[in-house]
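Here the structure is laid out as structure tokens; the discussion comes afterwards.
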Amino acid sequence: MSDTTHDGALATSKPPSDDAGLSPAELAGKYGLSVSGARPGLGEYVRQLWDRRHFIMAFSKAKLVAQYSEAKLGQVWQVATPLLNALVYYLIFGLILDAGRGMEKGVYIPFLVMGIFVFTFTQSSLMAGVRAIPGNIGLVRALHFPRASLPISFSMQQLGQLLYSMIVVLIVAVGFGNYPRLSWLLVIPTLALQFVFNTGLALVFARMGSKTPDLAQLMPFITRTWMYASGVMFSISEMLKDKPAWIGDVLQWNPAAIYMDLVRFALIDGYGRENLPPHVWAFAVGWAVVIGLGGFVYFWKAEERYGRG
């Protein structure tokens with residue numbers, strides 16, 4: 001409230017006496033004010049994400065199409081890149097280092113191709129998660145939306161890329177004498193669980209990358225080490241058969257190895273159950289639930305801090 005003094009100046013009166021002694025939080029509650037950009041409750045946050053599901057889908061599709069838009073071969077690179085990696089790894093690890101020992105050539109080549117495609121799915125989701133906030137900081141600061149939309153959308157983009165690649169994977173499997181059978185259906189729950197795991201991982205590193213942009217420079221070294229420890233180019237059980245059993249168990253139970261081995265088991269006739277660790281499906285579900293849900297909650301807890309300097 002204000003009054004005009006005798007000389008024409010404005011004089012501000014004191015606030016009503018019934019507001020005296022109230023804390024800022026109490027004043028805000030009394031007049032129905034709320035903190036701008038405050039983190040919503042977890043249930044409300046999930047509802048907001050569901051309301052924006054069409055945006056998440058459209059954003060992921062747009063990113064997928066635009067990924068190779070400037071290359072002459074366009075979307076062909078979605079398949080060509082991991083295939084070229086498979087060729088290089090086969091020449092070095094398969095022919096020179098004999099990493100496929102214990103497996104026939106007709107088993108090792110599909111083994112290698114599937115390992116590279118499936119691991120690339122996790123690797124690309126993680127890398128996209130690290131850059132999700134810093135790489136879209138203008139969008140984050142300009143619009144109000146649940147920030148988890150970004151890493152989830154990038155994980156969906158990588159899933160779309162993998163689904164394109166699975167056509168080549170199936171062709172390679174058939175080309176080496178692995179014909180469709182009921183076990184091929186196991187690929188569907190395996191990739192669904194891996195997608196949940198990848199999304200949780202992307203959310204974890206999206207929060208970390210939002211405060212530490214330099215983390216993106218470190219991630220290639222971390223993912224390369226993870227790849228070599230996951231049996232992408234070799235059978236863990238065969239390569240470590242002379243080592244203490246616990247080493248092989250730890251490497252086989254890591255999530256990247258589990259999802260790769262389940263796809264191989266489903267599609268390769270000569271890759272039997274003896275190549276899988278015990279309780280493999282329990283671990284596949286466990287990793288998806290723990291990292292998927294845990295990563296979501298971890299990201300949500302810092303929701304109001306994304307995009308702030």
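Just so we're on the same page: first chain in the structure tokens is A, next is B, and so on; residues restart at 1 for each chain, and ligands are numbered from 1 in the order they show up.
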Excluding stretch 116-124 of chain A and any residue of its chain fewer than 5 positions from it, enumerate the residues within 7 Å of it, using only C-alpha atoms, and give them as a PyMOL selection string.
chain A and resi 82+86+158-159+162+198+223+232+256+260
Selection near A:Leu191, 12 Å with only C-alpha atoms, sequence-local residues under 2 positions removed, as an MDAnalysis selection string
chainID A and resid 117:119 121:122 156 158:160 162:163 166 184:189 193:199 256 258:264 266 284:285 288
Those in stretch 141-306 of chain A with alpha helix (DSSP H) from DSSP, as a PyMOL selection string
chain A and resi 141-142+149-175+187-211+215-228+236-239+245-252+255-267+280-300
Selected residue, from A:Leu126, A:Ile133, A:Val169, A:Leu251, that lies nearest to A:Leu201 when counting only C-alpha atoms:
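Closest to A:Leu201, using only C-alpha atoms: A:Leu126.
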Residues near A:Arg147, cut-off 10 Å, only C-alpha atoms, skip fewer than 3 positions along chain, as a list in words
Tyr45, Leu49, Ala132, Ile133, Leu139, Val140, Leu143, His144, Leu150, Pro151, Ile152, Leu203, Ala206, Arg207, Phe299, Trp300, Ala302, Glu303, Glu304, Tyr306 and Gly307 of chain A
Could you write out the selected residues, including N, CA and C atoms, as a CSV table (one decimal), in the first residue's frame?
```csv
chain,number,residue,atom,x,y,z
A,45,TYR,N,5.8,-35.9,-11.4
A,45,TYR,CA,6.9,-35.9,-12.4
A,45,TYR,C,6.7,-36.9,-13.4
A,49,LEU,N,5.9,-36.4,-17.5
A,49,LEU,CA,6.6,-37.1,-18.6
A,49,LEU,C,5.6,-37.9,-19.5
A,132,ALA,N,23.3,-34.9,-22.7
A,132,ALA,CA,21.9,-34.5,-22.8
A,132,ALA,C,21.6,-33.1,-22.3
A,133,ILE,N,22.1,-32.7,-21.2
A,133,ILE,CA,21.8,-31.4,-20.6
A,133,ILE,C,22.7,-30.3,-21.2
A,139,LEU,N,17.6,-25.2,-24.9
A,139,LEU,CA,16.2,-25.7,-24.8
A,139,LEU,C,15.8,-25.8,-23.3
A,140,VAL,N,16.8,-26.2,-22.5
A,140,VAL,CA,16.5,-26.4,-21.1
A,140,VAL,C,16.2,-25.1,-20.4
A,143,LEU,N,12.5,-23.4,-22.1
A,143,LEU,CA,11.2,-24.0,-22.0
A,143,LEU,C,11.1,-24.8,-20.6
A,144,HIS,N,9.9,-24.8,-20.1
A,144,HIS,CA,9.6,-25.6,-18.9
A,144,HIS,C,9.1,-27.0,-19.3
A,150,LEU,N,14.9,-35.5,-22.0
A,150,LEU,CA,16.0,-35.5,-22.9
A,150,LEU,C,16.8,-36.8,-22.9
A,151,PRO,N,17.3,-37.3,-21.7
A,151,PRO,CA,18.0,-38.6,-21.8
A,151,PRO,C,17.1,-39.7,-22.2
A,152,ILE,N,15.8,-39.7,-21.8
A,152,ILE,CA,14.9,-40.8,-22.2
A,152,ILE,C,14.8,-40.8,-23.7
A,203,LEU,N,20.3,-41.5,-17.5
A,203,LEU,CA,19.8,-40.5,-16.5
A,203,LEU,C,20.8,-40.2,-15.5
A,206,ALA,N,23.5,-38.2,-17.1
A,206,ALA,CA,23.0,-36.9,-17.5
A,206,ALA,C,23.1,-35.9,-16.4
A,207,ARG,N,22.7,-36.4,-15.2
A,207,ARG,CA,22.9,-35.5,-14.0
A,207,ARG,C,24.3,-35.2,-13.7
A,299,PHE,N,18.1,-38.8,-11.0
A,299,PHE,CA,18.0,-37.6,-11.9
A,299,PHE,C,16.9,-36.7,-11.4
A,300,TRP,N,15.8,-37.2,-11.0
A,300,TRP,CA,14.7,-36.4,-10.5
A,300,TRP,C,15.0,-35.5,-9.4
A,302,ALA,N,17.5,-33.8,-8.7
A,302,ALA,CA,18.2,-32.6,-9.1
A,302,ALA,C,17.5,-31.8,-10.1
A,303,GLU,N,16.2,-32.1,-10.3
A,303,GLU,CA,15.4,-31.5,-11.4
A,303,GLU,C,15.5,-30.0,-11.4
A,304,GLU,N,15.4,-29.3,-10.3
A,304,GLU,CA,15.3,-27.9,-10.3
A,304,GLU,C,16.7,-27.2,-10.5
A,306,TYR,N,18.9,-28.2,-13.1
A,306,TYR,CA,19.4,-28.3,-14.5
A,306,TYR,C,19.2,-27.0,-15.2
A,307,GLY,N,20.3,-26.6,-15.9
A,307,GLY,CA,20.2,-25.3,-16.7
A,307,GLY,C,20.6,-24.1,-15.9
```
Any chance you could tabulate, as CSV, the residues of stretch 158-260 of chain A at most 8 Å from stretch 97-115 of chain A with each one's nearest atom pair and distance in Å to one decimal, using only C-alpha atoms, in chain and rising number order?
```
residue,atom,partner,partner_atom,distance
A:Val169,CA,A:Met114,CA,6.4
A:Val172,CA,A:Pro110,CA,6.2
A:Ala173,CA,A:Pro110,CA,5.8
A:Phe176,CA,A:Gly106,CA,5.4
A:Gly177,CA,A:Gly106,CA,7.7
A:Gly231,CA,A:Gly115,CA,7.9
A:Val232,CA,A:Gly115,CA,4.9
A:Met233,CA,A:Leu112,CA,5.6
A:Phe234,CA,A:Ala99,CA,5.2
A:Ser235,CA,A:Gly100,CA,7.1
A:Glu238,CA,A:Gly102,CA,6.7
A:Met239,CA,A:Ala99,CA,7.9
A:Met260,CA,A:Gly115,CA,5.5
```
Can you pull out the residues contacting A:Met219? Cut-off 12 Å, using only C-alpha atoms, and skip same-chain residues under 3 positions away; I want them as number ranges by chain.
A: 123-131, 205, 208-209, 212-216, 222-226
Which residue gives the smallest distance to A:Ala66 among A:Ala142, A:Gln157, A:Phe221, A:Trp287, with only C-alpha atoms counted?
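Ranked by minimum distance to A:Ala66, first place goes to A:Gln157.
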Of A:Asp269, A:Ile167, A:Phe145, A:Ile137, the one nearest to A:Arg181 when counting only C-alpha atoms is A:Asp269
